[in-house]
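Pasted below: my_file-v5.csv, CSV, C-alpha atoms.
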```csv
chain,number,residue,atom,x,y,z
A,1,MET,CA,109.8,109.8,83.4
A,2,ILE,CA,107.8,106.7,84.2
A,3,LEU,CA,109.5,103.5,83.1
A,4,ASN,CA,107.9,100.7,81.2
A,5,VAL,CA,107.4,97.4,83.2
A,6,LYS,CA,106.2,93.9,82.9
A,7,ASP,CA,104.3,92.9,86.0
A,8,TYR,CA,104.0,89.3,87.2
A,9,GLY,CA,102.1,88.0,90.2
A,10,LEU,CA,99.4,89.2,92.6
A,11,GLN,CA,99.5,92.9,93.6
A,12,GLU,CA,99.1,92.0,97.3
A,13,ASN,CA,102.3,89.9,97.2
A,14,PRO,CA,105.6,91.4,98.3
A,15,ALA,CA,107.1,93.4,95.4
A,16,VAL,CA,110.4,92.8,93.8
A,17,PHE,CA,111.8,95.0,91.0
A,18,PHE,CA,114.1,93.4,88.5
A,19,LEU,CA,116.7,95.6,86.7
A,20,HIS,CA,118.5,94.5,83.6
A,21,GLY,CA,122.0,95.1,82.5
A,22,LEU,CA,123.4,97.3,79.6
A,23,LEU,CA,121.5,96.7,76.4
A,24,GLY,CA,119.1,94.4,78.1
A,25,SER,CA,115.4,94.9,78.8
A,26,ALA,CA,112.5,93.7,81.0
A,27,ASP,CA,112.2,90.7,78.7
A,28,ASN,CA,115.4,89.3,80.1
A,29,TRP,CA,113.6,88.5,83.3
A,30,GLY,CA,110.5,86.8,82.0
A,31,SER,CA,111.2,83.2,83.0
A,32,THR,CA,112.7,84.2,86.3
A,33,CYS,CA,109.7,86.4,87.2
A,34,ARG,CA,107.2,83.8,86.2
A,35,SER,CA,109.0,81.2,88.4
A,36,LEU,CA,109.2,83.5,91.4
A,37,SER,CA,105.7,84.8,91.1
A,38,GLU,CA,104.6,81.2,91.7
A,39,ALA,CA,106.5,81.3,94.9
A,40,GLY,CA,104.3,84.2,96.2
A,41,LEU,CA,106.2,87.3,95.0
A,42,ARG,CA,105.1,90.1,92.8
A,43,CYS,CA,107.8,90.4,90.3
A,44,ILE,CA,108.1,93.7,88.3
A,45,ALA,CA,110.6,93.6,85.4
A,46,VAL,CA,111.7,97.1,84.5
A,47,ASP,CA,113.0,98.7,81.2
A,48,GLN,CA,115.6,101.3,82.4
A,49,ARG,CA,115.8,104.6,80.7
A,50,ASN,CA,117.1,104.5,77.1
A,51,HIS,CA,116.3,100.7,77.0
A,52,GLY,CA,113.3,98.6,75.9
A,53,ALA,CA,110.0,100.6,75.7
A,54,SER,CA,111.0,103.2,78.4
A,55,PRO,CA,111.5,106.8,77.5
A,56,HIS,CA,114.7,108.1,76.1
A,57,SER,CA,116.9,110.8,77.6
A,58,SER,CA,120.1,112.5,76.8
A,59,GLU,CA,121.2,112.1,80.4
A,60,MET,CA,122.1,108.7,82.0
A,61,ASN,CA,123.7,108.0,85.3
A,62,TYR,CA,123.0,106.0,88.4
A,63,PRO,CA,121.5,108.8,90.6
A,64,LEU,CA,119.0,109.5,87.7
A,65,MET,CA,118.3,105.8,87.2
A,66,ALA,CA,117.8,105.2,90.9
A,67,ASP,CA,115.4,108.2,91.0
A,68,ASP,CA,113.5,106.7,88.0
A,69,LEU,CA,113.0,103.5,90.0
A,70,LEU,CA,111.8,105.2,93.1
A,71,ARG,CA,109.4,107.3,91.1
A,72,LEU,CA,108.2,104.1,89.4
A,73,ALA,CA,107.5,102.5,92.8
A,74,ASP,CA,105.6,105.7,93.8
A,75,SER,CA,103.5,105.5,90.7
A,76,LEU,CA,102.6,101.9,91.5
A,77,GLY,CA,101.8,102.7,95.1
A,78,ILE,CA,104.6,100.5,96.4
A,79,ASP,CA,106.1,101.8,99.6
A,80,GLU,CA,108.4,98.9,100.4
A,81,PHE,CA,110.1,96.5,98.0
A,82,SER,CA,113.1,94.3,97.2
A,83,LEU,CA,115.5,94.7,94.3
A,84,VAL,CA,117.3,92.4,92.0
A,85,GLY,CA,119.8,93.8,89.5
A,86,HIS,CA,122.3,92.5,87.1
A,87,SER,CA,125.4,94.4,86.1
A,88,MET,CA,124.3,98.0,85.2
A,89,GLY,CA,121.0,97.1,86.9
A,90,GLY,CA,122.9,96.0,90.0
A,91,LYS,CA,124.5,99.4,90.3
A,92,THR,CA,121.1,101.1,89.8
A,93,ALA,CA,119.8,98.9,92.6
A,94,MET,CA,122.7,99.7,94.9
A,95,GLU,CA,122.3,103.4,94.3
A,96,ALA,CA,118.5,103.2,95.0
A,97,ALA,CA,119.2,101.2,98.2
A,98,LEU,CA,121.6,103.9,99.4
A,99,ARG,CA,119.2,106.8,98.5
A,100,ALA,CA,116.1,105.3,100.1
A,101,PRO,CA,117.2,102.6,102.6
A,102,GLU,CA,114.0,102.9,104.5
A,103,ARG,CA,112.0,101.5,101.5
A,104,LEU,CA,114.1,98.4,100.9
A,105,ARG,CA,113.4,95.0,102.4
A,106,SER,CA,116.4,93.3,100.7
A,107,MET,CA,118.5,93.3,97.6
A,108,VAL,CA,120.2,90.9,95.2
A,109,VAL,CA,123.1,92.1,93.1
A,110,ALA,CA,124.2,89.9,90.2
A,111,ASP,CA,127.8,90.0,89.2
A,112,ILE,CA,128.8,93.6,89.7
A,113,ALA,CA,130.6,95.5,92.5
A,114,PRO,CA,130.2,99.1,93.5
A,115,ILE,CA,133.7,99.9,92.1
A,116,GLU,CA,134.7,101.9,89.0
A,117,TYR,CA,135.5,99.6,86.1
A,118,LYS,CA,137.4,100.3,82.9
A,119,PRO,CA,134.8,100.7,80.1
A,120,ALA,CA,134.4,97.4,78.3
A,121,TYR,CA,132.5,96.3,75.1
A,122,THR,CA,133.1,99.8,73.6
A,123,ASP,CA,133.7,98.5,70.2
A,124,TYR,CA,130.6,96.4,70.3
A,125,ILE,CA,128.4,99.3,71.3
A,126,ASN,CA,129.9,101.5,68.6
A,127,SER,CA,129.3,98.7,66.0
A,128,LEU,CA,125.5,98.9,66.5
A,129,GLY,CA,125.6,102.5,65.0
A,130,LYS,CA,127.6,101.3,62.0
A,131,ILE,CA,124.9,98.9,60.8
A,132,ASN,CA,122.9,100.3,57.9
A,133,LEU,CA,119.4,99.2,58.7
A,134,ASN,CA,117.9,100.5,55.5
A,135,GLY,CA,116.7,97.6,53.5
A,136,ILE,CA,117.1,95.1,56.3
A,137,LYS,CA,114.2,92.6,56.0
A,138,ASN,CA,114.7,90.5,59.1
A,139,ARG,CA,117.0,89.9,62.1
A,140,SER,CA,119.0,87.3,60.2
A,141,GLU,CA,120.2,89.9,57.7
A,142,ALA,CA,121.0,92.3,60.5
A,143,GLY,CA,122.9,89.5,62.2
A,144,LEU,CA,125.1,89.0,59.2
A,145,GLU,CA,126.0,92.6,59.2
A,146,LEU,CA,126.7,92.6,62.9
A,147,GLU,CA,128.9,89.5,62.6
A,148,LYS,CA,131.5,91.7,61.0
A,149,TYR,CA,132.0,93.4,64.3
A,150,ILE,CA,130.8,90.9,66.9
A,151,PRO,CA,132.0,87.3,66.2
A,152,ASP,CA,130.5,85.8,69.3
A,153,ARG,CA,127.1,84.4,68.3
A,154,SER,CA,125.5,84.5,71.7
A,155,LEU,CA,126.5,88.1,72.3
A,156,ARG,CA,125.4,89.0,68.9
A,157,MET,CA,122.0,87.5,69.4
A,158,PHE,CA,121.6,89.3,72.7
A,159,PHE,CA,122.3,92.6,71.0
A,160,LEU,CA,119.8,91.8,68.3
A,161,THR,CA,117.0,91.5,70.8
A,162,ASN,CA,117.0,95.3,70.7
A,163,LEU,CA,116.0,95.4,67.0
A,164,ARG,CA,112.3,96.2,66.4
A,165,LYS,CA,110.2,97.3,63.5
A,166,ASP,CA,108.8,100.8,63.6
A,167,ASP,CA,105.3,101.9,62.5
A,168,SER,CA,106.5,102.0,58.9
A,169,GLY,CA,107.8,98.5,59.0
A,170,LYS,CA,111.5,99.4,59.0
A,171,PHE,CA,113.9,97.9,61.5
A,172,ARG,CA,115.2,100.3,64.2
A,173,TRP,CA,117.2,100.0,67.4
A,174,ARG,CA,114.8,100.5,70.3
A,175,ILE,CA,117.7,101.5,72.6
A,176,ASN,CA,119.0,105.0,72.5
A,177,ILE,CA,122.4,104.3,71.1
A,178,ASN,CA,123.4,108.0,71.0
A,179,SER,CA,122.7,108.6,74.7
A,180,ILE,CA,124.2,105.3,75.8
A,181,THR,CA,127.4,106.1,73.8
A,182,SER,CA,127.7,109.7,75.1
A,183,ASN,CA,127.1,108.6,78.7
A,184,TYR,CA,129.0,105.4,78.4
A,185,GLU,CA,131.7,106.3,81.0
A,186,ASN,CA,128.9,106.9,83.6
A,187,ILE,CA,127.8,103.3,83.3
A,188,TRP,CA,131.2,102.1,84.6
A,189,LYS,CA,131.6,104.6,87.4
A,190,ALA,CA,131.7,103.6,91.1
A,191,ILE,CA,128.8,104.0,93.5
A,192,GLU,CA,129.4,106.9,95.8
A,193,ASN,CA,130.8,105.9,99.2
A,194,GLY,CA,130.0,107.5,102.6
A,195,ARG,CA,126.5,106.0,102.8
A,196,SER,CA,125.1,102.6,103.9
A,197,TYR,CA,122.1,100.3,103.7
A,198,GLY,CA,122.0,97.9,106.6
A,199,GLY,CA,119.4,95.5,105.3
A,200,PRO,CA,120.1,92.0,103.8
A,201,VAL,CA,122.1,92.0,100.6
A,202,LEU,CA,123.1,89.0,98.5
A,203,PHE,CA,125.9,89.3,95.9
A,204,LEU,CA,125.8,86.5,93.3
A,205,ARG,CA,128.9,86.2,91.2
A,206,GLY,CA,130.0,83.9,88.4
A,207,SER,CA,132.9,81.6,89.1
A,208,GLU,CA,134.4,82.5,85.6
A,209,SER,CA,133.8,86.2,86.0
A,210,ASP,CA,136.1,88.8,87.6
A,211,PHE,CA,133.6,91.5,88.1
A,212,VAL,CA,133.2,90.7,91.9
A,213,GLN,CA,136.5,89.8,93.5
A,214,ASP,CA,137.5,89.2,97.1
A,215,LYS,CA,139.4,92.4,97.2
A,216,HIS,CA,136.2,94.3,96.7
A,217,PHE,CA,134.6,93.0,99.9
A,218,ASP,CA,135.9,95.8,102.1
A,219,LEU,CA,134.2,98.4,100.0
A,220,ILE,CA,131.0,96.4,99.7
A,221,GLU,CA,130.9,96.0,103.5
A,222,SER,CA,131.3,99.7,104.0
A,223,LEU,CA,128.2,100.3,101.9
A,224,PHE,CA,126.2,97.1,102.8
A,225,PRO,CA,127.4,95.8,106.2
A,226,ALA,CA,124.9,92.9,106.1
A,227,PHE,CA,126.1,91.5,102.8
A,228,GLU,CA,126.8,88.0,101.8
A,229,VAL,CA,128.4,86.6,98.7
A,230,LYS,CA,127.7,83.4,96.9
A,231,THR,CA,129.5,82.0,93.8
A,232,ILE,CA,127.6,80.3,91.0
A,233,GLU,CA,129.8,77.7,89.5
A,234,ASN,CA,130.4,77.2,85.8
A,235,SER,CA,129.1,80.7,85.1
A,236,GLY,CA,130.5,83.9,83.7
A,237,HIS,CA,129.1,87.4,83.9
A,238,TRP,CA,125.5,86.5,82.8
A,239,VAL,CA,124.8,84.3,85.8
A,240,HIS,CA,121.0,84.5,85.3
A,241,THR,CA,121.1,83.1,81.8
A,242,GLU,CA,124.1,80.8,82.1
A,243,GLN,CA,122.9,79.0,85.2
A,244,PRO,CA,119.2,80.0,85.4
A,245,GLU,CA,118.0,77.2,87.7
A,246,VAL,CA,120.7,77.8,90.3
A,247,PHE,CA,120.2,81.5,90.0
A,248,ARG,CA,116.5,81.3,90.6
A,249,GLN,CA,116.9,79.0,93.6
A,250,HIS,CA,119.3,81.5,95.2
A,251,LEU,CA,116.7,84.2,94.6
A,252,SER,CA,113.8,82.2,96.0
A,253,ASP,CA,115.8,81.2,99.1
A,254,PHE,CA,116.9,84.7,99.8
A,255,LEU,CA,113.8,86.8,98.9
A,256,THR,CA,111.2,84.5,100.6
A,257,ARG,CA,113.0,83.9,103.9
```

Is it possible to give me this structure as structure tokens?
Amino acid sequence: MILNVKDYGLQENPAVFFLHGLLGSADNWGSTCRSLSEAGLRCIAVDQRNHGASPHSSEMNYPLMADDLLRLADSLGIDEFSLVGHSMGGKTAMEAALRAPERLRSMVVADIAPIEYKPAYTDYINSLGKINLNGIKNRSEAGLELEKYIPDRSLRMFFLTNLRKDDSGKFRWRININSITSNYENIWKAIENGRSYGGPVLFLRGSESDFVQDKHFDLIESLFPAFEVKTIENSGHWVHTEQPEVFRQHLSDFLTR
């Protein structure tokens, strides 16, 4: 499959692919990509499989998603590139770097480690399939239904960005809920060890998040020996939206040096 993208900046500029997290989309990176394209980068925000406007598939795991990305780069005629990935997108980036290290200039991983995690947000994911979208006239009505299952407003609004009208005017989830649900454990699995990418890697973690801990550094170093870690203060897991200016400055400093 060829993934859907949003392309920012001049084609002759160094290319950077941006990979969203679970239930996100290329739209999540709009302001970041616009900002960094002004700094001389070609920023390509990607819809990963089963997300956004990219094709759906019954299969979903990191080797497949990394291959999707490499195939996308081939289709765009991009031989060498950098990667920025948040959460699920960070694991896709790590897998791609380890599969094709010769093609990577650098990589930024936002608030995720290459470890296996206990699946989280399961109830929230399942709740999306419980919403009866028949008769829903707008996102506000869908939000009221979703509030029964997801009390956190910011999280609820994030999930609702996946709601779109189809050709008949009815609201539908544009994500592939069935595939995401059936492959949910794959999203939380570790990145396979025994390989390495020796180029520059920056891990950005939120001070209020426990996704990237000091105890993970030995594993990270075995995979990415030239890694560095920076902590973004007053931020949780969604570092790119909770502290966007600080996040963008870290990206600019790292990707343009």

Q. List as a PyMOL selection string: which residues have an atom within 7 Å of (133.2, 94.1, 93.6), counting all atoms listed in the file?
A. chain A and resi 112-115+211-213+216-217+220

Q | Atom-to-atom span, CA of Arg195 in chain A and CA of Glu116 in chain A, Å | A | 16.6 Å

Q: Excluding range 221-224 of chain A and any residue of its chain fewer than 5 positions from it, enumerate the residues within 9 Å of it, using only C-alpha atoms, and give them as a list in words.
A: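 Listing them by chain and then by number gives Met94, Leu98, Pro114, Asn193, Gly194, Arg195, Ser196, Tyr197, Gly198, Gly199, Pro200, Val201 and His216 of chain A.
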
Q | Distance query Ile131 in chain A at most 10 Å, only C-alpha atoms, self and fewer than 2 positions along chain excluded, as a list in words | A |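 The contact residues come out as Asn126, Ser127, Leu128, Gly129, Leu133, Asn134, Ile136, Ala142, Gly143, Glu145, Leu146, Lys148 and Tyr149 of chain A.
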
Taking only residues of range 40-114 of chain A that have an atom at most 12 Å from an atom of range 167-185 of chain A, what is each one's shortest atom pair and its distance in Å to one decimal, using all atoms listed in the file, in chain and number order, as JSON lines?
```
{"residue": "A:Asp47", "atom": "CA", "partner": "A:Ile175", "partner_atom": "CA", "distance": 10.2}
{"residue": "A:Gln48", "atom": "CA", "partner": "A:Ile175", "partner_atom": "CA", "distance": 10.0}
{"residue": "A:Arg49", "atom": "CA", "partner": "A:Asn176", "partner_atom": "CA", "distance": 8.8}
{"residue": "A:Asn50", "atom": "CA", "partner": "A:Asn176", "partner_atom": "CA", "distance": 5.0}
{"residue": "A:His51", "atom": "CA", "partner": "A:Ile175", "partner_atom": "CA", "distance": 4.7}
{"residue": "A:Gly52", "atom": "CA", "partner": "A:Arg174", "partner_atom": "CA", "distance": 6.1}
{"residue": "A:Ala53", "atom": "CA", "partner": "A:Arg174", "partner_atom": "CA", "distance": 7.2}
{"residue": "A:Ser54", "atom": "CA", "partner": "A:Ile175", "partner_atom": "CA", "distance": 9.0}
{"residue": "A:Pro55", "atom": "CA", "partner": "A:Asn176", "partner_atom": "CA", "distance": 9.2}
{"residue": "A:His56", "atom": "CA", "partner": "A:Asn176", "partner_atom": "CA", "distance": 6.4}
{"residue": "A:Ser57", "atom": "CA", "partner": "A:Ser179", "partner_atom": "CA", "distance": 6.8}
{"residue": "A:Ser58", "atom": "CA", "partner": "A:Ser179", "partner_atom": "CA", "distance": 5.1}
{"residue": "A:Glu59", "atom": "CA", "partner": "A:Ser179", "partner_atom": "CA", "distance": 6.9}
{"residue": "A:Met60", "atom": "CA", "partner": "A:Asn183", "partner_atom": "CA", "distance": 6.0}
{"residue": "A:Asn61", "atom": "CA", "partner": "A:Asn183", "partner_atom": "CA", "distance": 7.4}
{"residue": "A:Tyr62", "atom": "CA", "partner": "A:Asn183", "partner_atom": "CA", "distance": 10.8}
{"residue": "A:Met88", "atom": "CA", "partner": "A:Tyr184", "partner_atom": "CA", "distance": 11.1}
```

Q | CA of Thr241 in chain A to CA of Gly21 in chain A, straight-line distance in Å | A |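 According to the coordinates, CA of Gly21 in chain A and CA of Thr241 in chain A are separated by 12.1 Å.
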
Q) Contacts of Val108 in chain A at 7 Å or less, counting only C-alpha atoms, minus same-chain residues fewer than 6 places along, as a list of chain:residue names? A)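 In the requested form, the answer reads A:Leu83, A:Val84, A:Gly85, A:Val201, A:Leu202, A:Phe203.
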
Q | Minimum-distance residue to Asp79 in chain A, chosen among A:Gly206, A:Pro151, A:Pro101, A:Gly24 (using only C-alpha atoms) | A | A:Pro101
